[in-house]
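S.K.: File model30.txt follows (compact mmCIF, C-alpha atoms and all ligand atoms):
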# COMPACT_ATOMS: atom_id res chain seq x y z
CA MET A 137 -20.11 -34.80 66.39
CA SER A 138 -21.81 -34.56 69.82
CA GLU A 139 -24.53 -36.99 70.73
CA CYS A 140 -28.14 -36.25 69.85
CA SER A 141 -30.75 -36.29 72.59
CA ILE A 142 -34.53 -36.36 72.22
CA ARG A 143 -36.76 -34.42 74.60
CA VAL A 144 -40.34 -33.24 74.89
CA MET A 145 -41.13 -29.92 73.18
CA CYS A 146 -42.53 -27.09 75.37
CA ILE A 147 -44.09 -23.81 74.30
CA SER A 148 -40.89 -22.04 75.42
CA ASP A 149 -39.20 -23.79 72.46
CA TYR A 150 -41.57 -22.04 70.04
CA ASP A 151 -39.14 -19.47 68.58
CA ALA A 152 -36.44 -22.09 68.00
CA VAL A 153 -38.90 -24.45 66.33
CA ILE A 154 -40.32 -21.79 64.03
CA SER A 155 -36.80 -20.82 63.04
CA LEU A 156 -36.10 -24.50 62.26
CA MET A 157 -39.24 -24.62 60.12
CA GLN A 158 -38.29 -21.43 58.30
CA GLN A 159 -34.94 -22.96 57.38
CA THR A 160 -36.49 -26.17 56.00
CA GLU A 161 -37.62 -26.77 52.46
CA GLY A 162 -40.80 -28.82 52.16
CA VAL A 163 -42.43 -27.27 55.24
CA ARG A 164 -45.21 -24.68 54.92
CA ILE A 165 -45.81 -22.28 57.81
CA ARG A 166 -49.47 -21.41 58.32
CA ASP A 167 -51.59 -19.34 60.74
CA ALA A 168 -52.02 -22.62 62.64
CA ASP A 169 -48.31 -22.42 63.47
CA ALA A 170 -48.68 -19.12 65.34
CA HIS A 171 -47.62 -19.03 69.00
CA ASP A 172 -51.17 -19.21 70.41
CA ALA A 173 -52.23 -22.09 68.18
CA THR A 174 -49.02 -24.00 68.97
CA ARG A 175 -49.56 -23.45 72.71
CA ARG A 176 -53.12 -24.77 72.37
CA TYR A 177 -51.90 -27.78 70.41
CA LEU A 178 -49.24 -28.62 73.02
CA GLU A 179 -51.73 -28.17 75.84
CA ARG A 180 -54.22 -30.50 74.15
CA ASN A 181 -51.50 -33.04 73.37
CA PRO A 182 -49.05 -32.81 76.26
CA GLY A 183 -45.76 -34.73 76.01
CA MET A 184 -46.43 -35.83 72.43
CA SER A 185 -44.15 -33.47 70.48
CA PHE A 186 -40.39 -33.93 70.55
CA LEU A 187 -37.17 -32.09 69.76
CA ALA A 188 -33.72 -33.37 68.86
CA GLU A 189 -30.79 -31.51 70.38
CA VAL A 190 -27.11 -31.67 69.59
CA GLY A 191 -24.71 -29.72 71.78
CA GLY A 192 -27.59 -27.71 73.25
CA SER A 193 -28.97 -26.64 69.84
CA ILE A 194 -32.27 -27.80 68.41
CA VAL A 195 -31.65 -29.67 65.14
CA GLY A 196 -34.97 -31.42 64.57
CA CYS A 197 -38.56 -31.76 65.65
CA ALA A 198 -41.67 -33.91 65.29
CA MET A 199 -45.09 -32.86 66.56
CA SER A 200 -47.92 -35.26 67.19
CA GLY A 201 -51.34 -35.41 68.74
CA HIS A 202 -54.68 -37.19 68.51
CA ASP A 203 -58.38 -36.45 68.49
CA GLY A 204 -59.27 -39.43 70.65
CA ARG A 205 -59.63 -41.63 67.59
CA ARG A 206 -56.73 -41.16 65.18
CA GLY A 207 -53.22 -39.85 65.65
CA TYR A 208 -51.61 -37.15 63.52
CA LEU A 209 -47.98 -36.34 62.90
CA GLN A 210 -46.83 -32.94 61.72
CA HIS A 211 -43.68 -30.89 61.22
CA VAL A 212 -41.23 -33.74 61.12
CA LEU A 213 -37.96 -32.14 60.13
CA VAL A 214 -34.23 -32.26 60.71
CA LEU A 215 -31.67 -29.61 59.73
CA PRO A 216 -29.76 -30.63 56.56
CA ALA A 217 -26.40 -30.97 58.33
CA TYR A 218 -27.85 -33.57 60.71
CA ARG A 219 -29.79 -35.73 58.26
CA LYS A 220 -29.32 -39.44 57.43
CA ARG A 221 -28.18 -40.44 60.89
CA GLY A 222 -31.48 -41.67 62.26
CA ILE A 223 -32.62 -38.51 64.06
CA ALA A 224 -36.01 -38.26 62.34
CA ARG A 225 -36.58 -41.97 62.88
CA ARG A 226 -35.99 -41.46 66.62
CA LEU A 227 -38.28 -38.41 66.75
CA VAL A 228 -41.08 -40.25 64.92
CA SER A 229 -40.69 -43.29 67.15
CA ALA A 230 -40.97 -41.10 70.27
CA CYS A 231 -44.28 -39.71 68.93
CA LEU A 232 -45.62 -43.14 67.93
CA LYS A 233 -44.69 -44.68 71.28
CA GLU A 234 -46.68 -42.00 73.09
CA LEU A 235 -49.65 -42.25 70.70
CA LYS A 236 -49.72 -46.02 71.16
CA ARG A 237 -49.46 -45.64 74.94
CA GLN A 238 -52.58 -43.47 74.75
CA GLY A 239 -54.50 -46.15 72.87
CA ILE A 240 -54.23 -44.76 69.35
CA GLU A 241 -54.03 -47.48 66.70
CA LYS A 242 -53.67 -45.55 63.46
CA VAL A 243 -51.77 -42.38 62.61
CA HIS A 244 -52.08 -40.06 59.59
CA LEU A 245 -49.84 -37.39 58.13
CA ASP A 246 -49.76 -35.08 55.12
CA VAL A 247 -46.82 -34.63 52.75
CA LEU A 248 -46.75 -32.00 50.02
CA GLU A 249 -47.22 -33.55 46.58
CA ASP A 250 -43.89 -32.16 45.34
CA ASN A 251 -41.88 -33.33 48.37
CA ALA A 252 -40.54 -36.50 46.79
CA ALA A 253 -37.72 -36.92 49.34
CA GLY A 254 -40.21 -36.60 52.20
CA GLN A 255 -42.38 -39.27 50.60
CA ARG A 256 -39.38 -41.62 50.22
CA PHE A 257 -38.58 -41.09 53.90
CA TRP A 258 -42.08 -42.15 55.02
CA GLN A 259 -42.02 -45.15 52.71
CA GLN A 260 -38.65 -46.16 54.16
CA LEU A 261 -40.20 -46.00 57.63
CA GLY A 262 -42.95 -48.38 56.51
CA TRP A 263 -45.82 -45.90 56.13
CA GLN A 264 -48.45 -46.68 53.53
CA ARG A 265 -49.19 -44.12 50.83
CA ARG A 266 -52.98 -43.81 50.45
CA THR A 267 -54.54 -43.91 47.04
CA ASP A 268 -58.08 -44.43 48.29
CA ILE A 269 -58.56 -41.07 49.99
CA VAL A 270 -58.85 -37.54 48.66
CA LYS A 271 -58.40 -34.83 51.25
CA TYR A 272 -60.95 -31.99 51.47
CA SER A 273 -60.41 -28.81 53.49
CA LEU A 274 -62.61 -25.80 54.28
CA VAL A 275 -61.35 -22.46 55.57
CA LEU A 276 -63.64 -21.13 58.31
CA GLY A 277 -62.16 -17.65 58.68
CA ASP A 278 -61.04 -15.18 56.03
CA SER A 279 -57.28 -15.69 56.28
CA ALA A 280 -55.45 -16.42 53.04
CA ASN A 281 -52.91 -18.47 55.03
CA ALA A 282 -55.19 -20.57 57.27
C1 LIG B 301 -37.33 -36.21 55.82
C2 LIG B 301 -36.38 -35.88 56.98
C3 LIG B 301 -37.19 -35.51 58.22
C4 LIG B 301 -35.51 -37.12 57.27
O1 LIG B 301 -34.69 -36.83 58.39
P1 LIG B 301 -33.42 -37.74 58.73
O2 LIG B 301 -33.02 -37.47 60.13
O3 LIG B 301 -32.41 -37.57 57.67
O4 LIG B 301 -34.03 -39.21 58.59
P2 LIG B 301 -33.40 -40.55 59.22
O5 LIG B 301 -31.91 -40.44 59.20
O6 LIG B 301 -34.03 -40.84 60.53
O7 LIG B 301 -33.85 -41.61 58.15
C5 LIG B 301 -34.70 -42.68 58.47
C6 LIG B 301 -34.76 -43.60 57.26
O8 LIG B 301 -35.30 -42.90 56.14
C7 LIG B 301 -34.35 -42.87 55.08
N1 LIG B 301 -34.38 -41.55 54.47
C8 LIG B 301 -34.22 -40.36 55.07
N2 LIG B 301 -34.28 -39.37 54.16
C9 LIG B 301 -34.49 -39.99 52.98
C10 LIG B 301 -34.61 -39.52 51.65
N3 LIG B 301 -34.55 -38.21 51.36
N4 LIG B 301 -34.79 -40.42 50.66
C11 LIG B 301 -34.83 -41.76 50.93
N5 LIG B 301 -34.71 -42.27 52.18
C12 LIG B 301 -34.53 -41.38 53.17
C13 LIG B 301 -33.01 -43.11 55.72
O9 LIG B 301 -32.10 -43.70 54.81
C14 LIG B 301 -33.38 -44.04 56.84
O10 LIG B 301 -33.50 -45.38 56.40
P3 LIG B 301 -32.63 -46.53 57.08
O11 LIG B 301 -32.84 -46.39 58.56
O12 LIG B 301 -33.21 -47.75 56.51
O13 LIG B 301 -31.24 -46.24 56.69
C15 LIG B 301 -35.43 -34.71 56.60
O14 LIG B 301 -34.82 -35.00 55.37
C16 LIG B 301 -36.14 -33.37 56.49
O15 LIG B 301 -36.22 -32.62 57.47
N6 LIG B 301 -36.68 -33.03 55.30
C17 LIG B 301 -37.40 -31.78 55.10
C18 LIG B 301 -38.76 -31.77 55.80
C19 LIG B 301 -39.60 -32.93 55.33
O16 LIG B 301 -39.67 -33.22 54.14
N7 LIG B 301 -40.24 -33.62 56.30
C20 LIG B 301 -41.00 -34.83 56.02
C21 LIG B 301 -42.21 -34.61 55.23
S1 LIG B 301 -43.56 -34.06 56.22
Could you spell out this file's structure in structure tokens?

M.R.:
Amino acid sequence: MSECSIRVMCISDYDAVISLMQQTEGVRIRDADAHDATRRYLERNPGMSFLAEVGGSIVGCAMSGHDGRRGYLQHVLVLPAYRKRGIARRLVSACLKELKRQGIEKVHLDVLEDNAAGQRFWQQLGWQRRTDIVKYSLVLGDSANA
């Protein structure tokens, strides 16, 4: 199989990334993943989201950003045919390297409760599952898919 390269994600990659997300179990697509919101996210967090490419096709992605205080990882995924060869590990490390370079010392992420494989992956990478925090969310608009 051809070599995998990691590069920064740009807004022009949007359609390919959404298609990747649509093909991946364990990933929920929300209003916040619309083109405008993704553009805003990438503009606020430039050079912090990455794509994996094999033979010119996008096979994985990892998005990250920070609020000045804490870092956040989202949409870490790799197409099934390309899994278990270290691609997600490389994508996550690219994000963490950039977050660290920007002075961020702690990073959070969410995993769906029923995504057991995703949880095993994060544990394997050394992430700590929190038992001391309960997440609260509030929808500010009237969308059912905010
Ligand atoms: C989770 C996911 C991103 C892993 O991608 P990947 O490219 O196969 O992961 P890697 O090959 O980089 O694996 C890194 C380490 O995690 C381990 N790992 C990966 N998937 C695993 C799984 N399902 N169960 C247990 N360990 C796993 C690997 O064995 C590897 O450990 P090692 O380096 O000690 O051998 C991929 O399976 C995926 O896209 N899943 C669907 C989306 C998802 O659940 N995303 C994460 C939750 S937000």

S.K.: Would you please work out which residue, of A:Arg237, A:Lys271, A:His202, A:Lys220, is nearest to ligand LIG 301 (chain B) when using all atoms listed in the file?

M.R.: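 Of A:Arg237, A:Lys271, A:His202, A:Lys220, the one nearest ligand LIG 301 (chain B), counting all atoms listed in the file, is A:Lys220.
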
S.K.: Applying 12 Å and all atoms listed in the file, which residues near range 171-178 of chain A remain after dropping the ones on its own chain fewer than 2 positions away? List them as a VMD selection string.

M.R.: chain A and resid 144 to 154 165 to 169 180 to 186 199 to 203 208 210 to 211 282

S.K.: Restricting it to C-alpha atoms, dump the selection as a PDB file, in the frame of the given file.

M.R.:
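Output file result.pdb is given in full below:
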ATOM      1  CA  VAL A 144     -40.340 -33.240  74.890  1.00  0.00           C
ATOM      2  CA  MET A 145     -41.130 -29.920  73.180  1.00  0.00           C
ATOM      3  CA  CYS A 146     -42.530 -27.090  75.370  1.00  0.00           C
ATOM      4  CA  ILE A 147     -44.090 -23.810  74.300  1.00  0.00           C
ATOM      5  CA  SER A 148     -40.890 -22.040  75.420  1.00  0.00           C
ATOM      6  CA  ASP A 149     -39.200 -23.790  72.460  1.00  0.00           C
ATOM      7  CA  TYR A 150     -41.570 -22.040  70.040  1.00  0.00           C
ATOM      8  CA  ASP A 151     -39.140 -19.470  68.580  1.00  0.00           C
ATOM      9  CA  ALA A 152     -36.440 -22.090  68.000  1.00  0.00           C
ATOM     10  CA  VAL A 153     -38.900 -24.450  66.330  1.00  0.00           C
ATOM     11  CA  ILE A 154     -40.320 -21.790  64.030  1.00  0.00           C
ATOM     12  CA  ILE A 165     -45.810 -22.280  57.810  1.00  0.00           C
ATOM     13  CA  ARG A 166     -49.470 -21.410  58.320  1.00  0.00           C
ATOM     14  CA  ASP A 167     -51.590 -19.340  60.740  1.00  0.00           C
ATOM     15  CA  ALA A 168     -52.020 -22.620  62.640  1.00  0.00           C
ATOM     16  CA  ASP A 169     -48.310 -22.420  63.470  1.00  0.00           C
ATOM     17  CA  ARG A 180     -54.220 -30.500  74.150  1.00  0.00           C
ATOM     18  CA  ASN A 181     -51.500 -33.040  73.370  1.00  0.00           C
ATOM     19  CA  PRO A 182     -49.050 -32.810  76.260  1.00  0.00           C
ATOM     20  CA  GLY A 183     -45.760 -34.730  76.010  1.00  0.00           C
ATOM     21  CA  MET A 184     -46.430 -35.830  72.430  1.00  0.00           C
ATOM     22  CA  SER A 185     -44.150 -33.470  70.480  1.00  0.00           C
ATOM     23  CA  PHE A 186     -40.390 -33.930  70.550  1.00  0.00           C
ATOM     24  CA  MET A 199     -45.090 -32.860  66.560  1.00  0.00           C
ATOM     25  CA  SER A 200     -47.920 -35.260  67.190  1.00  0.00           C
ATOM     26  CA  GLY A 201     -51.340 -35.410  68.740  1.00  0.00           C
ATOM     27  CA  HIS A 202     -54.680 -37.190  68.510  1.00  0.00           C
ATOM     28  CA  ASP A 203     -58.380 -36.450  68.490  1.00  0.00           C
ATOM     29  CA  TYR A 208     -51.610 -37.150  63.520  1.00  0.00           C
ATOM     30  CA  GLN A 210     -46.830 -32.940  61.720  1.00  0.00           C
ATOM     31  CA  HIS A 211     -43.680 -30.890  61.220  1.00  0.00           C
ATOM     32  CA  ALA A 282     -55.190 -20.570  57.270  1.00  0.00           C
TER      33      ALA A 282
END

S.K.: In Å, with one decimal, what is the gap from CA of Gly196 in chain A to CA of Ile240 in chain A?

M.R.: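 Distance reported for this atom pair: 23.9 Å.
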
S.K.: What residues have any atom no more than 10 Å from ligand LIG 301 (chain B) when counting only C-alpha atoms and all ligand atoms, and can you list them as a PyMOL selection string?

M.R.: chain A and resi 156-157+159-164+188+195-198+209-229+245-248+250-262

S.K.: As JSON, what would the box around range 196-214 of chain A look like: edges along x, y and z, 6 Å added on every side, centre and edge lengths in Å to one decimal?

M.R.:
{"center_x": -46.9, "center_y": -36.3, "center_z": 65.4, "size_x": 37.4, "size_y": 22.7, "size_z": 22.5}

S.K.: Between CA of His244 in chain A and CA of Ile269 in chain A, what is the spacing in Å?

M.R.: 11.6 Å

S.K.: By how many Å are CA of Ala230 in chain A and CA of Arg143 in chain A apart?

M.R.: 9.0 Å

S.K.: When you count all atoms listed in the file, which of these residues is closest to Leu235 in chain A: A:Gly192, A:Gln264, A:Gly204, A:Glu249?

M.R.: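 Among A:Gly192, A:Gln264, A:Gly204, A:Glu249, it is A:Gly204 that comes nearest to Leu235 in chain A.
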
S.K.: Which residues are close to Glu189 in chain A, i.e. within 7 Å by all atoms listed in the file, leaving aside same-chain residues fewer than 3 positions away? Reply as a tab-separated table (two decimals) with C-alpha atoms, in the coordinates of the input.

M.R.:
chain	number	residue	atom	x	y	z
A	140	CYS	CA	-28.14	-36.25	69.85
A	141	SER	CA	-30.75	-36.29	72.59
A	142	ILE	CA	-34.53	-36.36	72.22
A	192	GLY	CA	-27.59	-27.71	73.25
A	193	SER	CA	-28.97	-26.64	69.84
A	194	ILE	CA	-32.27	-27.80	68.41
A	195	VAL	CA	-31.65	-29.67	65.14

S.K.: Is it possible to add all heavy atoms to range 237-248 of chain A and hand it back as a PDB file, in the coordinates of the input?

M.R.:
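Dumped everything to out-v9.pdb:
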ATOM      1  N   ARG A 237     -49.224 -45.565  73.494  1.00  0.00           N
ATOM      2  CA  ARG A 237     -49.460 -45.640  74.940  1.00  0.00           C
ATOM      3  C   ARG A 237     -50.831 -45.064  75.295  1.00  0.00           C
ATOM      4  O   ARG A 237     -51.478 -45.490  76.235  1.00  0.00           O
ATOM      5  CB  ARG A 237     -48.341 -44.877  75.678  1.00  0.00           C
ATOM      6  CG  ARG A 237     -48.241 -45.181  77.162  1.00  0.00           C
ATOM      7  CD  ARG A 237     -47.188 -44.310  77.816  1.00  0.00           C
ATOM      8  NE  ARG A 237     -47.581 -42.916  77.895  1.00  0.00           N
ATOM      9  CZ  ARG A 237     -48.444 -42.409  78.769  1.00  0.00           C
ATOM     10  NH1 ARG A 237     -48.982 -43.184  79.678  1.00  0.00           N
ATOM     11  NH2 ARG A 237     -48.746 -41.126  78.746  1.00  0.00           N
ATOM     12  N   GLN A 238     -51.277 -44.097  74.486  1.00  0.00           N
ATOM     13  CA  GLN A 238     -52.580 -43.470  74.750  1.00  0.00           C
ATOM     14  C   GLN A 238     -53.725 -44.171  74.018  1.00  0.00           C
ATOM     15  O   GLN A 238     -54.830 -43.649  73.945  1.00  0.00           O
ATOM     16  CB  GLN A 238     -52.517 -41.990  74.393  1.00  0.00           C
ATOM     17  CG  GLN A 238     -51.515 -41.262  75.284  1.00  0.00           C
ATOM     18  CD  GLN A 238     -51.726 -39.761  75.322  1.00  0.00           C
ATOM     19  OE1 GLN A 238     -52.828 -39.272  75.106  1.00  0.00           O
ATOM     20  NE2 GLN A 238     -50.665 -39.026  75.611  1.00  0.00           N
ATOM     21  N   GLY A 239     -53.428 -45.331  73.457  1.00  0.00           N
ATOM     22  CA  GLY A 239     -54.500 -46.150  72.870  1.00  0.00           C
ATOM     23  C   GLY A 239     -54.825 -45.866  71.429  1.00  0.00           C
ATOM     24  O   GLY A 239     -55.843 -46.353  70.911  1.00  0.00           O
ATOM     25  N   ILE A 240     -53.975 -45.089  70.753  1.00  0.00           N
ATOM     26  CA  ILE A 240     -54.230 -44.760  69.350  1.00  0.00           C
ATOM     27  C   ILE A 240     -53.654 -45.870  68.460  1.00  0.00           C
ATOM     28  O   ILE A 240     -52.495 -46.259  68.616  1.00  0.00           O
ATOM     29  CB  ILE A 240     -53.604 -43.393  69.004  1.00  0.00           C
ATOM     30  CG1 ILE A 240     -54.247 -42.298  69.855  1.00  0.00           C
ATOM     31  CG2 ILE A 240     -53.717 -43.089  67.515  1.00  0.00           C
ATOM     32  CD1 ILE A 240     -55.743 -42.123  69.670  1.00  0.00           C
ATOM     33  N   GLU A 241     -54.456 -46.332  67.500  1.00  0.00           N
ATOM     34  CA  GLU A 241     -54.030 -47.480  66.700  1.00  0.00           C
ATOM     35  C   GLU A 241     -53.701 -47.147  65.253  1.00  0.00           C
ATOM     36  O   GLU A 241     -53.191 -47.990  64.525  1.00  0.00           O
ATOM     37  CB  GLU A 241     -55.100 -48.567  66.757  1.00  0.00           C
ATOM     38  CG  GLU A 241     -55.230 -49.100  68.165  1.00  0.00           C
ATOM     39  CD  GLU A 241     -56.045 -50.354  68.264  1.00  0.00           C
ATOM     40  OE1 GLU A 241     -56.763 -50.663  67.308  1.00  0.00           O
ATOM     41  OE2 GLU A 241     -55.960 -51.016  69.310  1.00  0.00           O
ATOM     42  N   LYS A 242     -54.007 -45.932  64.835  1.00  0.00           N
ATOM     43  CA  LYS A 242     -53.670 -45.550  63.460  1.00  0.00           C
ATOM     44  C   LYS A 242     -53.306 -44.068  63.434  1.00  0.00           C
ATOM     45  O   LYS A 242     -53.946 -43.260  64.108  1.00  0.00           O
ATOM     46  CB  LYS A 242     -54.868 -45.800  62.535  1.00  0.00           C
ATOM     47  CG  LYS A 242     -54.513 -45.761  61.063  1.00  0.00           C
ATOM     48  CD  LYS A 242     -55.751 -45.939  60.221  1.00  0.00           C
ATOM     49  CE  LYS A 242     -55.585 -47.022  59.206  1.00  0.00           C
ATOM     50  NZ  LYS A 242     -56.773 -47.182  58.371  1.00  0.00           N
ATOM     51  N   VAL A 243     -52.286 -43.747  62.630  1.00  0.00           N
ATOM     52  CA  VAL A 243     -51.770 -42.380  62.610  1.00  0.00           C
ATOM     53  C   VAL A 243     -51.717 -41.894  61.154  1.00  0.00           C
ATOM     54  O   VAL A 243     -51.330 -42.647  60.263  1.00  0.00           O
ATOM     55  CB  VAL A 243     -50.342 -42.334  63.227  1.00  0.00           C
ATOM     56  CG1 VAL A 243     -49.832 -40.914  63.319  1.00  0.00           C
ATOM     57  CG2 VAL A 243     -50.337 -42.989  64.609  1.00  0.00           C
ATOM     58  N   HIS A 244     -52.093 -40.649  60.936  1.00  0.00           N
ATOM     59  CA  HIS A 244     -52.080 -40.060  59.590  1.00  0.00           C
ATOM     60  C   HIS A 244     -51.083 -38.902  59.531  1.00  0.00           C
ATOM     61  O   HIS A 244     -50.778 -38.279  60.553  1.00  0.00           O
ATOM     62  CB  HIS A 244     -53.462 -39.487  59.250  1.00  0.00           C
ATOM     63  CG  HIS A 244     -54.563 -40.497  59.238  1.00  0.00           C
ATOM     64  ND1 HIS A 244     -54.556 -41.614  58.455  1.00  0.00           N
ATOM     65  CD2 HIS A 244     -55.735 -40.537  59.931  1.00  0.00           C
ATOM     66  CE1 HIS A 244     -55.676 -42.308  58.638  1.00  0.00           C
ATOM     67  NE2 HIS A 244     -56.399 -41.678  59.544  1.00  0.00           N
ATOM     68  N   LEU A 245     -50.641 -38.598  58.332  1.00  0.00           N
ATOM     69  CA  LEU A 245     -49.840 -37.390  58.130  1.00  0.00           C
ATOM     70  C   LEU A 245     -49.995 -36.920  56.688  1.00  0.00           C
ATOM     71  O   LEU A 245     -50.392 -37.697  55.821  1.00  0.00           O
ATOM     72  CB  LEU A 245     -48.358 -37.646  58.451  1.00  0.00           C
ATOM     73  CG  LEU A 245     -47.604 -38.703  57.654  1.00  0.00           C
ATOM     74  CD1 LEU A 245     -47.047 -38.143  56.353  1.00  0.00           C
ATOM     75  CD2 LEU A 245     -46.460 -39.254  58.482  1.00  0.00           C
ATOM     76  N   ASP A 246     -49.693 -35.656  56.462  1.00  0.00           N
ATOM     77  CA  ASP A 246     -49.760 -35.080  55.120  1.00  0.00           C
ATOM     78  C   ASP A 246     -48.336 -34.778  54.641  1.00  0.00           C
ATOM     79  O   ASP A 246     -47.504 -34.304  55.417  1.00  0.00           O
ATOM     80  CB  ASP A 246     -50.516 -33.739  55.135  1.00  0.00           C
ATOM     81  CG  ASP A 246     -51.974 -33.920  55.543  1.00  0.00           C
ATOM     82  OD1 ASP A 246     -52.568 -34.940  55.169  1.00  0.00           O
ATOM     83  OD2 ASP A 246     -52.496 -33.023  56.239  1.00  0.00           O
ATOM     84  N   VAL A 247     -48.099 -35.016  53.371  1.00  0.00           N
ATOM     85  CA  VAL A 247     -46.820 -34.630  52.750  1.00  0.00           C
ATOM     86  C   VAL A 247     -47.176 -33.857  51.488  1.00  0.00           C
ATOM     87  O   VAL A 247     -48.083 -34.267  50.744  1.00  0.00           O
ATOM     88  CB  VAL A 247     -45.984 -35.867  52.327  1.00  0.00           C
ATOM     89  CG1 VAL A 247     -44.616 -35.434  51.826  1.00  0.00           C
ATOM     90  CG2 VAL A 247     -45.837 -36.849  53.467  1.00  0.00           C
ATOM     91  N   LEU A 248     -46.478 -32.757  51.243  1.00  0.00           N
ATOM     92  CA  LEU A 248     -46.750 -32.000  50.020  1.00  0.00           C
ATOM     93  C   LEU A 248     -46.460 -32.884  48.802  1.00  0.00           C
ATOM     94  O   LEU A 248     -45.499 -33.660  48.795  1.00  0.00           O
ATOM     95  CB  LEU A 248     -45.888 -30.727  49.976  1.00  0.00           C
ATOM     96  CG  LEU A 248     -46.230 -29.677  51.041  1.00  0.00           C
ATOM     97  CD1 LEU A 248     -45.231 -28.531  51.011  1.00  0.00           C
ATOM     98  CD2 LEU A 248     -47.652 -29.159  50.853  1.00  0.00           C
TER      99      LEU A 248
END
